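Novice: Can you keep this structure in mind? I'll have questions shortly.
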Amino acid sequence: MPMMQSIRWRLVASYVLSSVATVGIAGVLAQSLVGRAVAERRAEDLTANAVAIAGRLDHGPGGTLLTHPPVLFDLARSAAFVADARVRVLDAEANVVADSGEPQEAMEMVVLGAAMAGVTAVPALADDAALLVRRHEGGFGPQRFTLGVTAVEGVARSRRPSHLARWADIRVPIGDPAAPAGFVEVSASDRATLQALATTRRAFTLAALAASLVATALGLVVGRSMTRPLQNLTETAARMAGDDLSARAEVRSRDEIGQLAAQFNSMADRLGESFQALAEERDALRRFIADASHELRTPITALRSFVELLDGPAADDAAARTEFLAESQAQLRRLEWLTGQLLDLSRLDAGVAGIEREPVAVGDLVQSVLGSLRPGAAARGIALLADAVEEGLVVGGDRPRLETALANLVENAVKFGAGGHASGGATVRIGARSDEIDGAPAVLIWVADDGPGIAPDDLPHVFERFYRGKALVDDPGGSGLGLAIVRSIACAHGGSVTVESEPGQGSRFTLVLPA
């Protein structure tokens with residue numbers, strides 16, 4: 001995978017960019033603040049130095065030293081040296097009297113010696129003595145200075161021109177501000193400010209580099225912790241794509257990635273259940289096709305035999321021909337019934353049977369079914385009783401299909417339940433009552449017999465298609481579809497069907513329908 005397509009490296013890049021941007025913004029703000037502070041400090045120092053020079057010049061003969069150019073020049077030059085600035089002395093009409101020129105950069109300088117002797121504003125100095133000006137470092141910008149006396153011998157003077165062209169001017173009046181005798185003008189370049197800003201830039205450049213290194217290391221660590229679970233998810237998905245449906249992702253945290261892994265595992269569980277259900281449905285479909293083929297093969301084989309007999313030995317035998325034709329009609333009716341039942345069952349299971357919803361009175365439904373089945377049950381010595389049918393029960397559904405479901409339950413009870421009594425006199429009871437299932441009103445319709453019951457091994461399978469238990473194996477008319485149709489009709493109405501049975505105690509089938 002290309003580097004910038006990796007979440008890990010994109011995370012590192014975002015960390016580095018955000019840290020560099022943060023340091024850069026902080027550097028810009030810091031440069032602005034430092035530049036302003038240096039400028040303010042520079043103006044403060046220049047003003048103080050200008051005031052000091054003006055005060056010094058205001059104590060000569062006649063009130064000022066403006067009439068002594070040598071003194072003015074030495075004083076301006078010494079002040080320029082100390083303040084790292086250009087000092088000019090102006091008269092009352094702003095004419096230049098003395099100009100220090102560009103500032104000197106030596107730390108000490110002799111500014112006054114014997115040449116100033118006799119000037120009342122300056123103390124007399126010995127021939128071997130001089131006035132020494134010492135500059136004191138005070139950070140960025142112009143400096144403050146002190147005056148002292150030292151020996152002339154060994155004192156050197158030095159000058160070095162400045163090549164900076166940007167200047168700032170401070171002008172202070174000499175004497176009375178209302179009627180000044182002259183002015184002291186101090187000008188300084190932006191060298192100090194530029195030095196301060198250069199130092200600030202270097203500091204923040206180093207800070208940005210350090211922040212980038214830290215951000216890269218942090219991004220790699222955090223990126224690894226984030227991408228490892230994602231890589232695990234990718235590997236798990238690849239294993240599932242390779243038909244390993246048991247693969248599951250590791251859930252190592254409770255954050256968004258951990259929740260994603262948990263949801264992935266939940267999806268995998270549901271997918272596995274779906275595949276298992278599909279496999280079971282496939283197996284059931286295979287069994288259904290095999291059973292349907294078997295059930296359909298019987299009448300088809302019988303019809304083939306009858307046709308061969310009628311075309312052969314029985315062709316001239318009227319009695320045999322009549323018997324074979326009657327049997328053929330019976331097999332055709334059975335074949336028609338089987339195909340109709342299979343088609344109806346498939347439609348119900350697919351949900352395309354077209355269930356018509358209408359109010360159905362349960363009492364009328366029970367009486368209608370019993371009325372059609374009583375003659376056949378009576379012929380077998382079995383009584384059908386409507387036992388404890390609650391009044392006023394109504395369900396919503398398709399009445400013909402509900403009659404089919406209830407009739408199938410009663411027919412099974414007559415044929416395989418109560419019909420198991422050797423002495424006859426058996427009874428099949430039908431009842432109905434209201435109830436509440438999972439908080440919703442429901443109607444329970446049950447069919448109970450007092451026959452031999454259902455074997456425990458057969459009980460879980462009685463609603464499966466074509467299933468014929470021990471009591472049904474020897475029944476030539478059974479198909480194993482009756483109870484499967486009952487279950488499909490119940491499910492199509494949003495209900496269910498259950499069975500309770502014990503060997504020798506009879507059976508009880510209950511049809512549960514929404515009220």
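Ligands are numbered from 1 in the order shown, residues from 1 within each chain, and chains are lettered A, B, ... in the order they appear in the structure tokens.
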Assign secondary structure with DSSP using the backbone only, and return the residues of region 170-306 of chain A in strand (DSSP E) as a VMD selection string.
Specialist: chain A and resid 170 to 174 182 to 189
Novice: Show which residues sit within 10 Å of Ile445 (chain A), as a list in words. Count only C-alpha atoms, and ignore same-chain residues fewer than 5 positions away.
Specialist: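 Those residues are Val362, Val366, Val389, Glu390, Leu406, Ile430, Gly431, Ala432, Arg433, Ser434, Val497, Phe509, Thr510, Leu511, Val512 and Leu513 of chain A.
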Novice: Give me the residues within 12 Å of region 238-248 of chain A as a list in words, counting only C-alpha atoms and dropping any in the same chain fewer than 6 places off.
Specialist: Gln231, Asn232, Ala261, Ala262, Gln263, Phe264, Asn265, Ser266, Met267, Ala268, Asp269, Arg270, Leu271, Gly272, Glu273, Ser274, Phe275 and Gln276 of chain A
Novice: When distances are computed from only C-alpha atoms, which of A:Val23, A:Leu325, A:Val214, A:Ala405 shows the smallest separation from His493 (chain A)?
Specialist: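 Closest to His493 (chain A) of all the choices is A:Ala405.
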Novice: Measuring atom to atom with only C-alpha atoms, identify which of A:Gly397, A:Gly371, A:Gly504, A:Pro69 is nearest to Val410 (chain A).
Specialist: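 The shortest atom-to-atom distance to Val410 (chain A) comes from A:Gly371.
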Novice: Select, from A:Ala448, A:Ile485, A:Ile289, A:Leu220, the residue with the minimum atom-to-atom distance to Glu500 (chain A), counting only C-alpha atoms.
Specialist: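 Answer, going by the shortest atom-to-atom distance: A:Ala448.
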